[in-house]
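Undergrad: Following this line is upload-v3.cif, made up of mmCIF, C-alpha atoms and all ligand atoms:
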data_input
#
loop_
_atom_site.label_atom_id
_atom_site.label_comp_id
_atom_site.auth_asym_id
_atom_site.auth_seq_id
_atom_site.Cartn_x
_atom_site.Cartn_y
_atom_site.Cartn_z
CA MET A 1 81.03 215.16 97.79
CA ALA A 2 78.64 212.33 98.59
CA ASP A 3 80.60 209.09 98.75
CA THR A 4 77.98 207.06 100.62
CA TRP A 5 74.51 205.95 99.58
CA ASN A 6 71.63 207.91 101.05
CA SER A 7 73.62 210.96 101.96
CA PRO A 8 71.20 213.90 102.09
CA ASP A 9 74.05 216.47 102.14
CA LYS A 10 74.04 217.25 98.42
CA PHE A 11 70.26 217.67 98.31
CA ASN A 12 70.25 219.74 101.49
CA ARG A 13 72.78 222.07 99.86
CA GLU A 14 70.93 222.32 96.56
CA ALA A 15 67.35 222.51 97.88
CA SER A 16 66.84 226.27 97.89
CA GLN A 17 67.93 226.56 94.23
CA TRP A 18 66.56 223.20 93.04
CA ASP A 19 63.55 224.58 91.19
CA GLU A 20 65.61 227.24 89.39
CA ASN A 21 67.01 224.63 86.98
CA PRO A 22 64.71 224.64 83.90
CA GLN A 23 65.52 221.01 82.96
CA ARG A 24 64.53 219.83 86.43
CA ARG A 25 61.20 221.62 86.13
CA ALA A 26 60.73 220.31 82.60
CA VAL A 27 61.45 216.67 83.41
CA ALA A 28 59.23 216.81 86.50
CA LEU A 29 56.34 218.20 84.46
CA GLU A 30 56.73 215.50 81.82
CA VAL A 31 56.96 212.82 84.52
CA ALA A 32 53.79 214.12 86.15
CA LYS A 33 51.96 214.19 82.81
CA ALA A 34 53.11 210.67 81.97
CA ILE A 35 52.15 209.31 85.42
CA ILE A 36 48.71 210.87 85.13
CA ALA A 37 48.21 209.45 81.62
CA ALA A 38 49.45 205.98 82.58
CA THR A 39 47.85 205.55 86.03
CA ASN A 40 44.68 207.66 85.90
CA PRO A 41 44.82 208.97 89.50
CA LYS A 42 41.42 209.31 91.19
CA ASN A 43 40.13 211.16 94.22
CA THR A 44 39.59 207.85 96.01
CA MET A 45 43.27 206.88 95.84
CA SER A 46 46.00 207.08 98.45
CA ALA A 47 49.40 207.81 96.89
CA LEU A 48 53.01 207.66 98.04
CA GLU A 49 55.88 209.48 96.39
CA PHE A 50 59.37 208.46 97.51
CA GLY A 51 62.13 211.00 96.91
CA CYS A 52 59.62 213.82 96.41
CA GLY A 53 62.31 216.49 96.74
CA THR A 54 60.83 220.00 96.52
CA GLY A 55 57.54 218.55 95.29
CA LEU A 56 57.77 219.38 91.58
CA VAL A 57 55.77 216.21 90.80
CA THR A 58 53.91 216.10 94.14
CA MET A 59 52.15 219.39 93.50
CA GLU A 60 50.81 218.10 90.15
CA ILE A 61 49.55 214.75 91.48
CA ALA A 62 48.14 215.80 94.88
CA PRO A 63 45.04 217.62 93.54
CA LEU A 64 44.01 214.43 91.71
CA VAL A 65 44.15 211.94 94.60
CA LYS A 66 42.58 211.59 98.04
CA SER A 67 45.84 211.67 99.97
CA LEU A 68 49.53 211.80 99.16
CA ALA A 69 52.39 210.79 101.44
CA ALA A 70 55.44 212.72 100.21
CA ILE A 71 58.67 211.36 101.63
CA ASP A 72 62.31 212.26 101.25
CA THR A 73 65.54 211.95 103.20
CA SER A 74 66.55 215.59 102.72
CA ARG A 75 65.02 217.91 105.28
CA GLU A 76 65.91 220.98 103.20
CA MET A 77 64.12 219.63 100.11
CA LEU A 78 61.11 218.95 102.32
CA PHE A 79 61.33 222.44 103.78
CA VAL A 80 60.86 223.89 100.27
CA LEU A 81 57.91 221.56 99.66
CA LYS A 82 56.29 222.52 102.97
CA GLU A 83 56.44 226.19 101.96
CA LYS A 84 54.73 225.37 98.65
CA ILE A 85 52.02 223.44 100.47
CA ARG A 86 51.51 226.31 102.92
CA THR A 87 51.10 228.91 100.17
CA SER A 88 49.01 226.70 97.85
CA GLY A 89 46.43 225.70 100.43
CA ILE A 90 46.58 222.06 99.27
CA GLU A 91 45.65 219.99 102.32
CA ASN A 92 45.99 216.35 101.36
CA ILE A 93 49.81 216.05 101.36
CA GLU A 94 51.52 214.49 104.35
CA VAL A 95 55.24 215.27 104.28
CA SER A 96 57.74 213.15 106.14
CA SER A 97 61.46 212.67 106.37
CA THR A 98 61.56 208.93 105.80
CA ASN A 99 64.11 206.58 104.31
CA LEU A 100 62.12 203.62 103.05
CA SER A 101 65.30 201.89 101.95
CA SER A 102 66.46 201.61 105.56
CA PRO A 103 65.75 198.18 107.12
CA SER A 104 64.82 199.85 110.41
CA GLU A 105 62.23 202.18 108.84
CA SER A 106 58.78 201.15 110.05
CA ALA A 107 56.78 204.34 109.42
CA PHE A 108 54.61 202.78 106.73
CA ASN A 109 54.47 199.17 107.93
CA GLU A 110 50.77 199.34 108.68
CA LYS A 111 49.81 201.28 105.55
CA SER A 112 49.06 200.48 101.94
CA PHE A 113 48.80 202.69 98.89
CA ASP A 114 46.91 202.57 95.59
CA LEU A 115 49.66 204.44 93.75
CA ILE A 116 53.39 204.56 94.51
CA TYR A 117 55.57 206.64 92.25
CA SER A 118 58.91 208.40 91.98
CA SER A 119 60.86 210.66 89.69
CA MET A 120 64.65 210.40 89.35
CA THR A 121 65.03 208.79 92.78
CA LEU A 122 65.41 205.05 92.17
CA HIS A 123 69.00 205.50 90.97
CA HIS A 124 69.87 206.92 94.40
CA ILE A 125 68.81 203.74 96.20
CA ASP A 126 71.50 201.09 96.61
CA ASP A 127 69.52 197.82 96.74
CA THR A 128 67.10 198.18 93.83
CA ALA A 129 65.75 194.62 94.06
CA GLY A 130 65.09 194.80 97.81
CA PHE A 131 63.56 198.25 97.53
CA ILE A 132 61.15 197.20 94.79
CA ILE A 133 59.99 194.30 96.97
CA ARG A 134 59.46 196.75 99.79
CA ILE A 135 57.28 199.08 97.73
CA ALA A 136 55.42 196.12 96.21
CA ASN A 137 54.50 195.08 99.76
CA LEU A 138 53.16 198.60 100.40
CA LEU A 139 50.83 198.45 97.39
CA SER A 140 47.16 197.64 97.83
CA PRO A 141 45.93 194.72 95.72
CA GLY A 142 45.36 196.18 92.26
CA GLY A 143 47.62 199.11 93.15
CA ILE A 144 50.02 200.56 90.64
CA VAL A 145 53.65 201.61 90.75
CA ALA A 146 55.10 204.21 88.36
CA LEU A 147 58.84 204.81 88.29
CA ALA A 148 60.56 207.44 86.20
CA ASP A 149 64.33 207.27 85.90
CA LEU A 150 67.31 207.24 83.57
CA ASP A 151 67.96 204.55 81.04
CA LEU A 152 71.41 202.98 81.32
CA GLU A 153 73.85 205.87 80.94
CA ASP A 154 77.57 206.35 80.33
CA GLY A 155 78.34 207.12 83.99
CA PHE A 156 78.88 210.82 83.33
CA PHE A 157 75.35 212.14 83.97
CA HIS A 158 76.09 213.20 87.55
CA ASP A 159 78.61 215.96 88.09
CA ASP A 160 80.21 214.43 91.19
CA PRO A 161 82.22 211.29 90.29
CA LEU A 162 82.10 210.16 93.94
CA GLU A 163 78.34 210.34 94.25
CA LYS A 164 76.92 206.85 94.88
CA VAL A 165 74.29 206.29 92.19
CA HIS A 166 73.20 203.65 89.72
CA HIS A 167 74.09 204.75 86.21
CA GLY A 168 70.53 204.38 85.01
CA PHE A 169 68.71 201.09 84.51
CA ASP A 170 68.52 198.42 81.86
CA ARG A 171 64.82 198.07 80.96
CA GLU A 172 64.86 194.28 80.77
CA ALA A 173 66.65 193.92 84.09
CA LEU A 174 64.23 196.33 85.78
CA THR A 175 61.27 194.46 84.30
CA ASP A 176 62.67 191.26 85.83
CA LEU A 177 62.99 192.95 89.24
CA LEU A 178 59.36 194.13 89.08
CA LYS A 179 58.21 190.62 88.19
CA ALA A 180 60.32 189.11 90.97
CA ALA A 181 58.49 191.44 93.38
CA GLY A 182 55.11 190.04 92.26
CA LEU A 183 54.29 192.98 89.98
CA GLU A 184 52.99 192.80 86.45
CA PRO A 185 54.73 195.36 84.20
CA LEU A 186 52.17 197.33 82.16
CA SER A 187 54.14 199.85 80.10
CA PHE A 188 57.67 201.13 79.51
CA GLU A 189 57.99 204.40 77.62
CA THR A 190 60.48 207.18 76.99
CA ILE A 191 58.98 210.35 78.41
CA TYR A 192 61.82 212.88 78.38
CA THR A 193 65.36 213.32 77.12
CA PHE A 194 67.97 215.35 78.99
CA ASN A 195 70.30 217.24 76.65
CA LYS A 196 73.30 218.24 78.70
CA THR A 197 77.02 218.76 78.62
CA ASN A 198 78.11 215.97 80.87
CA ARG A 199 80.93 215.75 83.38
CA SER A 200 83.45 214.88 80.69
CA GLY A 201 82.48 217.97 78.70
CA VAL A 202 80.59 216.06 76.00
CA ALA A 203 77.15 217.15 74.77
CA ALA A 204 75.12 214.02 75.51
CA VAL A 205 71.53 212.82 75.58
CA TYR A 206 70.05 210.90 78.50
CA PRO A 207 66.58 209.42 78.00
CA VAL A 208 64.19 209.08 80.93
CA PHE A 209 61.67 206.23 81.06
CA LEU A 210 58.45 205.70 82.92
CA VAL A 211 57.68 202.11 83.83
CA THR A 212 54.34 201.14 85.32
CA ALA A 213 53.38 197.86 86.94
CA ASN A 214 50.49 196.66 89.02
CA LYS A 215 49.99 194.26 91.86
CA ILE A 216 48.02 191.36 90.56
CA GLU A 217 47.47 189.63 93.85
CA ASN A 218 48.12 190.24 97.50
CA VAL A 219 51.56 188.64 97.60
CA GLU A 220 53.88 189.27 100.54
CA LEU A 221 57.54 188.78 99.69
CA GLN A 222 60.60 188.73 101.90
CA HIS A 223 62.70 191.83 101.57
CA ASN A 224 66.25 192.30 102.67
CA VAL A 225 66.56 196.08 102.81
C1 LIG A 301 67.25 213.67 91.89
S1 LIG A 301 66.29 214.13 93.27
C2 LIG A 301 64.65 214.14 92.59
C3 LIG A 301 63.69 214.99 93.39
C4 LIG A 301 62.29 215.09 92.80
N1 LIG A 301 61.67 213.79 92.64
C5 LIG A 301 62.31 215.82 91.48
O1 LIG A 301 61.97 215.21 90.47
O2 LIG A 301 62.63 217.01 91.47
C6 LIG A 301 66.30 212.67 94.27
C7 LIG A 301 65.58 212.85 95.60
O3 LIG A 301 65.52 211.58 96.25
C8 LIG A 301 65.80 211.78 97.62
N2 LIG A 301 66.27 210.49 98.14
C9 LIG A 301 67.46 209.86 97.88
N3 LIG A 301 67.49 208.67 98.51
C10 LIG A 301 66.30 208.53 99.14
C11 LIG A 301 65.72 207.52 99.97
N4 LIG A 301 66.39 206.40 100.25
N5 LIG A 301 64.47 207.71 100.46
C12 LIG A 301 63.78 208.85 100.18
N6 LIG A 301 64.29 209.85 99.41
C13 LIG A 301 65.52 209.69 98.91
C14 LIG A 301 66.82 212.90 97.66
O4 LIG A 301 66.89 213.54 98.91
C15 LIG A 301 66.28 213.81 96.55
O5 LIG A 301 65.36 214.76 97.03
#
Take the structure from the file and write it as structure tokens.
TA:
Amino acid sequence: MADTWNSPDKFNREASQWDENPQRRAVALEVAKAIIAATNPKNTMSALEFGCGTGLVTMEIAPLVKSLAAIDTSREMLFVLKEKIRTSGIENIEVSSTNLSSPSESAFNEKSFDLIYSSMTLHHIDDTAGFIIRIANLLSPGGIVALADLDLEDGFFHDDPLEKVHHGFDREALTDLLKAAGLEPLSFETIYTFNKTNRSGVAAVYPVFLVTANKIENVELQHNV
């Protein structure tokens, strides 16, 4: 049971079977398709994926961009991704065990990215507002952020009641956070719907959105993460 934010234990345990879940593969494929359609990745672009997991989205985006930094806090998830990279021959992915939501993390302080994206990871990060400011500061001027996650949910999506997560996001509130970070929201769309029997035994639907926003000017904001 993960009763603290940023505990990699659950993902370390699940990593070797992660890709066996058909809904996980399906949502990742739809997220990748939607990111590609909305952001038009190019072979001149440097990209960052936070919470890349086993690379279900990474492996779709990497062939389209110049370079991709794939980061995650679970070493076992990254181990699976590294195996995929090794067998695929794709050479432009740099994998690292990095927690960007940690105030002491400085790995990317000197870098900037044209595209920063994630799939189903934002709800695992405690300080959403601070984290969005942090990624906004890592964007190149004109860069684009694309975040796929759950709409506000009933609190029963995750199987472990003690797991520290946000129960999805309110679209208006997330739009406000993007604007507060100096980003201009471009689109908000529903790209997938989970159909699952939730923790309370009810057959429920959980929509997944993709929001995109770009950096209109080179603003540097204070962040408190
Ligand atoms: C629900 S999984 C999604 C994995 C992958 N994006 C996918 O679609 O299959 C969330 C991932 O975010 C990672 N994660 C959670 N908190 C993180 C943080 N602060 N920084 C980086 N990765 C994080 C977890 O280790 C996990 O691999």
Undergrad: Excluding Lys42 in chain A and residues on its chain fewer than 3 positions from it, collect all residues at most 6 Å away from it, counting all atoms listed in the file, and give them as a compact mmCIF listing (two decimals) with C-alpha atoms, keeping the file's coordinate frame.
TA:
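out_1.txt, freshly written:
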# COMPACT_ATOMS: atom_id res chain seq x y z
CA MET A 45 43.27 206.88 95.84
CA LEU A 64 44.01 214.43 91.71
CA VAL A 65 44.15 211.94 94.60
Undergrad: Just the residues within 6 Å of Leu147 in chain A, please, counting all atoms listed in the file, with nothing from its chain fewer than 4 positions along; format it as a PDB file with C-alpha atoms, keeping the file's coordinate frame.
TA:
ATOM      1  CA  TYR A 117      55.570 206.640  92.250  1.00  0.00           C
ATOM      2  CA  SER A 118      58.910 208.400  91.980  1.00  0.00           C
ATOM      3  CA  LEU A 210      58.450 205.700  82.920  1.00  0.00           C
ATOM      4  CA  VAL A 211      57.680 202.110  83.830  1.00  0.00           C
TER       5      VAL A 211
END
Undergrad: Counting all atoms listed in the file, give me one row per residue of chain A with an atom at most 9 Å from an atom of ligand LIG 301 (chain A), showing the shortest contact pair and its distance in Å to one decimal, sorted by chain then residue number, as CSV.
TA:
residue,atom,partner,partner_atom,distance
A:Trp5,CA,A:LIG301,N3,7.6
A:Asn6,CA,A:LIG301,N3,4.9
A:Ser7,CA,A:LIG301,N3,7.4
A:Pro8,CA,A:LIG301,O4,5.4
A:Asp9,CA,A:LIG301,O4,8.4
A:Lys10,CA,A:LIG301,O4,8.1
A:Phe11,CA,A:LIG301,O4,5.4
A:Asn12,CA,A:LIG301,O4,7.5
A:Ala15,CA,A:LIG301,O5,8.0
A:Trp18,CA,A:LIG301,O2,7.5
A:Asp19,CA,A:LIG301,O2,7.6
A:Arg24,CA,A:LIG301,O2,6.1
A:Arg25,CA,A:LIG301,O2,7.2
A:Val27,CA,A:LIG301,O1,7.2
A:Ala28,CA,A:LIG301,O1,5.1
A:Leu29,CA,A:LIG301,O1,8.8
A:Val31,CA,A:LIG301,O1,8.1
A:Glu49,CA,A:LIG301,N1,8.1
A:Phe50,CA,A:LIG301,C12,5.2
A:Gly51,CA,A:LIG301,N6,3.5
A:Cys52,CA,A:LIG301,N1,4.3
A:Gly53,CA,A:LIG301,O5,3.5
A:Thr54,CA,A:LIG301,O2,6.1
A:Gly55,CA,A:LIG301,C4,6.4
A:Leu56,CA,A:LIG301,O2,5.4
A:Val57,CA,A:LIG301,O1,6.3
A:Thr58,CA,A:LIG301,N1,8.2
A:Ile71,CA,A:LIG301,C12,5.9
A:Asp72,CA,A:LIG301,N6,3.6
A:Thr73,CA,A:LIG301,N6,4.5
A:Ser74,CA,A:LIG301,O4,4.3
A:Arg75,CA,A:LIG301,O4,7.9
A:Glu76,CA,A:LIG301,O4,8.6
A:Met77,CA,A:LIG301,O5,5.9
A:Leu78,CA,A:LIG301,O5,8.0
A:Ser97,CA,A:LIG301,C12,7.6
A:Thr98,CA,A:LIG301,C12,6.0
A:Asn99,CA,A:LIG301,N5,4.0
A:Leu100,CA,A:LIG301,N5,5.4
A:Ser101,CA,A:LIG301,N4,4.9
A:Ser102,CA,A:LIG301,N4,7.2
A:Ser118,CA,A:LIG301,N1,6.1
A:Ser119,CA,A:LIG301,N1,4.4
A:Met120,CA,A:LIG301,C1,4.9
A:Thr121,CA,A:LIG301,C6,4.3
A:Leu122,CA,A:LIG301,N3,7.6
A:His123,CA,A:LIG301,C9,8.3
A:His124,CA,A:LIG301,N3,5.1
A:Ile125,CA,A:LIG301,N4,5.4
A:Asp126,CA,A:LIG301,N4,8.2
A:Ala148,CA,A:LIG301,O1,9.0
Undergrad: My list of candidates is A:Val208, A:Ala213, A:Ala203, A:Leu177. Which is closest to Ile191 in chain A when distances are computed with all atoms listed in the file?
TA: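 Smallest separation from Ile191 in chain A among the options: A:Val208.
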Undergrad: Can you pull out the residues contacting range 131-145 of chain A? Cut-off 10 Å, using only C-alpha atoms, and skip same-chain residues under 3 positions away; I want them as a PDB file with C-alpha atoms, in the frame of the given file.
TA:
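Now in result18.pdb:
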ATOM      1  CA  ILE A  35      52.150 209.310  85.420  1.00  0.00           C
ATOM      2  CA  ALA A  38      49.450 205.980  82.580  1.00  0.00           C
ATOM      3  CA  THR A  39      47.850 205.550  86.030  1.00  0.00           C
ATOM      4  CA  PRO A  41      44.820 208.970  89.500  1.00  0.00           C
ATOM      5  CA  MET A  45      43.270 206.880  95.840  1.00  0.00           C
ATOM      6  CA  SER A  46      46.000 207.080  98.450  1.00  0.00           C
ATOM      7  CA  ALA A  47      49.400 207.810  96.890  1.00  0.00           C
ATOM      8  CA  LEU A  48      53.010 207.660  98.040  1.00  0.00           C
ATOM      9  CA  GLU A  49      55.880 209.480  96.390  1.00  0.00           C
ATOM     10  CA  PHE A  50      59.370 208.460  97.510  1.00  0.00           C
ATOM     11  CA  LEU A 100      62.120 203.620 103.050  1.00  0.00           C
ATOM     12  CA  SER A 101      65.300 201.890 101.950  1.00  0.00           C
ATOM     13  CA  SER A 102      66.460 201.610 105.560  1.00  0.00           C
ATOM     14  CA  PRO A 103      65.750 198.180 107.120  1.00  0.00           C
ATOM     15  CA  PHE A 108      54.610 202.780 106.730  1.00  0.00           C
ATOM     16  CA  ASN A 109      54.470 199.170 107.930  1.00  0.00           C
ATOM     17  CA  GLU A 110      50.770 199.340 108.680  1.00  0.00           C
ATOM     18  CA  LYS A 111      49.810 201.280 105.550  1.00  0.00           C
ATOM     19  CA  SER A 112      49.060 200.480 101.940  1.00  0.00           C
ATOM     20  CA  PHE A 113      48.800 202.690  98.890  1.00  0.00           C
ATOM     21  CA  ASP A 114      46.910 202.570  95.590  1.00  0.00           C
ATOM     22  CA  LEU A 115      49.660 204.440  93.750  1.00  0.00           C
ATOM     23  CA  ILE A 116      53.390 204.560  94.510  1.00  0.00           C
ATOM     24  CA  TYR A 117      55.570 206.640  92.250  1.00  0.00           C
ATOM     25  CA  SER A 118      58.910 208.400  91.980  1.00  0.00           C
ATOM     26  CA  LEU A 122      65.410 205.050  92.170  1.00  0.00           C
ATOM     27  CA  ILE A 125      68.810 203.740  96.200  1.00  0.00           C
ATOM     28  CA  ASP A 126      71.500 201.090  96.610  1.00  0.00           C
ATOM     29  CA  ASP A 127      69.520 197.820  96.740  1.00  0.00           C
ATOM     30  CA  THR A 128      67.100 198.180  93.830  1.00  0.00           C
ATOM     31  CA  LEU A 174      64.230 196.330  85.780  1.00  0.00           C
ATOM     32  CA  LEU A 177      62.990 192.950  89.240  1.00  0.00           C
ATOM     33  CA  LEU A 178      59.360 194.130  89.080  1.00  0.00           C
ATOM     34  CA  LYS A 179      58.210 190.620  88.190  1.00  0.00           C
ATOM     35  CA  ALA A 180      60.320 189.110  90.970  1.00  0.00           C
ATOM     36  CA  ALA A 181      58.490 191.440  93.380  1.00  0.00           C
ATOM     37  CA  GLY A 182      55.110 190.040  92.260  1.00  0.00           C
ATOM     38  CA  LEU A 183      54.290 192.980  89.980  1.00  0.00           C
ATOM     39  CA  GLU A 184      52.990 192.800  86.450  1.00  0.00           C
ATOM     40  CA  PRO A 185      54.730 195.360  84.200  1.00  0.00           C
ATOM     41  CA  LEU A 186      52.170 197.330  82.160  1.00  0.00           C
ATOM     42  CA  VAL A 211      57.680 202.110  83.830  1.00  0.00           C
ATOM     43  CA  THR A 212      54.340 201.140  85.320  1.00  0.00           C
ATOM     44  CA  ALA A 213      53.380 197.860  86.940  1.00  0.00           C
ATOM     45  CA  ASN A 214      50.490 196.660  89.020  1.00  0.00           C
ATOM     46  CA  LYS A 215      49.990 194.260  91.860  1.00  0.00           C
ATOM     47  CA  ILE A 216      48.020 191.360  90.560  1.00  0.00           C
ATOM     48  CA  GLU A 217      47.470 189.630  93.850  1.00  0.00           C
ATOM     49  CA  ASN A 218      48.120 190.240  97.500  1.00  0.00           C
ATOM     50  CA  VAL A 219      51.560 188.640  97.600  1.00  0.00           C
ATOM     51  CA  GLU A 220      53.880 189.270 100.540  1.00  0.00           C
ATOM     52  CA  LEU A 221      57.540 188.780  99.690  1.00  0.00           C
ATOM     53  CA  GLN A 222      60.600 188.730 101.900  1.00  0.00           C
ATOM     54  CA  HIS A 223      62.700 191.830 101.570  1.00  0.00           C
ATOM     55  CA  ASN A 224      66.250 192.300 102.670  1.00  0.00           C
ATOM     56  CA  VAL A 225      66.560 196.080 102.810  1.00  0.00           C
TER      57      VAL A 225
END
Undergrad: CA of Ser200 in chain A and CA of Gly155 in chain A, how far apart in Å?
TA: 9.9 Å
Undergrad: From the list A:Ala129, A:Ala26, A:Ile85, A:Leu150, which residue is nearest Pro207 in chain A when using only C-alpha atoms?
TA: A:Leu150
Undergrad: Using all atoms of range 108-116 of chain A that appear in the file, construct an axis-aligned enclosing box with 8 Å of padding on every side and provide its centre coordinates and edge lengths in Å, rounded to one decimal, as lines of an AutoDock Vina configuration file.
TA:
center_x = 50.8
center_y = 201.9
center_z = 101.2
size_x = 23.7
size_y = 21.4
size_z = 30.9
Undergrad: Just to confirm, what's the straight-line distance from CA of Arg13 in chain A to CA of Val202 in chain A in Å (one decimal)?
TA: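 These two atoms are separated by 25.8 Å.
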Undergrad: Name all residues at most 12 Å from Gly201 in chain A (count only C-alpha atoms; drop same-chain ones fewer than 3 positions away) and give them as a PyMOL selection string.
TA: chain A and resi 156-159+196-198+204
Undergrad: What does the distance from CA of Arg171 in chain A to CA of Glu189 in chain A come to in Å, to one decimal?
TA: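 It comes out at 9.9 Å.
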Undergrad: In the coordinates of the file, take the point (46.3, 213.6, 100.2) and a cut-off of 9 Å; then, counting only C-alpha atoms, name each qualifying protein, DNA or RNA residue as a CSV table (one decimal) with C-alpha atoms, in the coordinates of the input.
TA:
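Written file, result.csv:
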chain,number,residue,atom,x,y,z
A,43,ASN,CA,40.1,211.2,94.2
A,45,MET,CA,43.3,206.9,95.8
A,46,SER,CA,46.0,207.1,98.4
A,47,ALA,CA,49.4,207.8,96.9
A,62,ALA,CA,48.1,215.8,94.9
A,63,PRO,CA,45.0,217.6,93.5
A,64,LEU,CA,44.0,214.4,91.7
A,65,VAL,CA,44.2,211.9,94.6
A,66,LYS,CA,42.6,211.6,98.0
A,67,SER,CA,45.8,211.7,100.0
A,68,LEU,CA,49.5,211.8,99.2
A,69,ALA,CA,52.4,210.8,101.4
A,90,ILE,CA,46.6,222.1,99.3
A,91,GLU,CA,45.6,220.0,102.3
A,92,ASN,CA,46.0,216.4,101.4
A,93,ILE,CA,49.8,216.0,101.4
A,94,GLU,CA,51.5,214.5,104.4
Undergrad: Can you work out which one of A:Asp160, A:Glu83, A:Asp151, A:Glu60 has the shortest atom-to-atom distance to Ala173 in chain A, counting all atoms listed in the file?
TA: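 Selected residue with least distance to Ala173 in chain A: A:Asp151.
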Undergrad: Give the answer as one residue: which of A:Asn40, A:Thr175, A:Thr4, A:Asn195 has the shortest atom-to-atom distance to Pro161 in chain A, using only C-alpha atoms?
TA: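 Among the listed residues, A:Thr4 lies closest to Pro161 in chain A.
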Undergrad: For a quick check of understanding, using only C-alpha atoms, which of A:Arg199, A:Val95, A:Leu152, A:Ser187 has the smallest distance to Asp170 in chain A?
TA: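 Ranking A:Arg199, A:Val95, A:Leu152, A:Ser187 by distance to Asp170 in chain A, first place goes to A:Leu152.
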Undergrad: Could you add whatever atoms are missing so that range 32-44 of chain A carries N, CA and C atoms, then write the result as a PDB file, in the coordinates of the input?
TA:
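What follows is the written file out.pdb:
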ATOM      1  N   ALA A  32      55.143 214.006  85.592  1.00  0.00           N
ATOM      2  CA  ALA A  32      53.790 214.120  86.150  1.00  0.00           C
ATOM      3  C   ALA A  32      52.743 213.826  85.080  1.00  0.00           C
ATOM      4  N   LYS A  33      52.936 214.413  83.901  1.00  0.00           N
ATOM      5  CA  LYS A  33      51.960 214.190  82.810  1.00  0.00           C
ATOM      6  C   LYS A  33      51.891 212.710  82.455  1.00  0.00           C
ATOM      7  N   ALA A  34      53.061 212.083  82.371  1.00  0.00           N
ATOM      8  CA  ALA A  34      53.110 210.670  81.970  1.00  0.00           C
ATOM      9  C   ALA A  34      52.495 209.785  83.061  1.00  0.00           C
ATOM     10  N   ILE A  35      52.745 210.112  84.335  1.00  0.00           N
ATOM     11  CA  ILE A  35      52.150 209.310  85.420  1.00  0.00           C
ATOM     12  C   ILE A  35      50.631 209.437  85.382  1.00  0.00           C
ATOM     13  N   ILE A  36      50.165 210.657  85.164  1.00  0.00           N
ATOM     14  CA  ILE A  36      48.710 210.870  85.130  1.00  0.00           C
ATOM     15  C   ILE A  36      48.095 210.090  83.960  1.00  0.00           C
ATOM     16  N   ALA A  37      48.746 210.155  82.790  1.00  0.00           N
ATOM     17  CA  ALA A  37      48.210 209.450  81.620  1.00  0.00           C
ATOM     18  C   ALA A  37      48.231 207.932  81.838  1.00  0.00           C
ATOM     19  N   ALA A  38      49.279 207.439  82.472  1.00  0.00           N
ATOM     20  CA  ALA A  38      49.450 205.980  82.580  1.00  0.00           C
ATOM     21  C   ALA A  38      48.684 205.375  83.762  1.00  0.00           C
ATOM     22  N   THR A  39      48.436 206.165  84.819  1.00  0.00           N
ATOM     23  CA  THR A  39      47.850 205.550  86.030  1.00  0.00           C
ATOM     24  C   THR A  39      46.453 206.060  86.361  1.00  0.00           C
ATOM     25  N   ASN A  40      46.034 207.135  85.691  1.00  0.00           N
ATOM     26  CA  ASN A  40      44.680 207.660  85.900  1.00  0.00           C
ATOM     27  C   ASN A  40      44.339 207.866  87.378  1.00  0.00           C
ATOM     28  N   PRO A  41      45.069 208.751  88.060  1.00  0.00           N
ATOM     29  CA  PRO A  41      44.820 208.970  89.500  1.00  0.00           C
ATOM     30  C   PRO A  41      43.392 209.443  89.752  1.00  0.00           C
ATOM     31  N   LYS A  42      42.826 208.968  90.863  1.00  0.00           N
ATOM     32  CA  LYS A  42      41.420 209.310  91.190  1.00  0.00           C
ATOM     33  C   LYS A  42      41.356 209.843  92.619  1.00  0.00           C
ATOM     34  N   ASN A  43      40.249 210.545  92.894  1.00  0.00           N
ATOM     35  CA  ASN A  43      40.130 211.160  94.220  1.00  0.00           C
ATOM     36  C   ASN A  43      39.763 210.176  95.325  1.00  0.00           C
ATOM     37  N   THR A  44      39.778 208.889  94.980  1.00  0.00           N
ATOM     38  CA  THR A  44      39.590 207.850  96.010  1.00  0.00           C
ATOM     39  C   THR A  44      40.929 207.217  96.390  1.00  0.00           C
TER      40      THR A  44
END
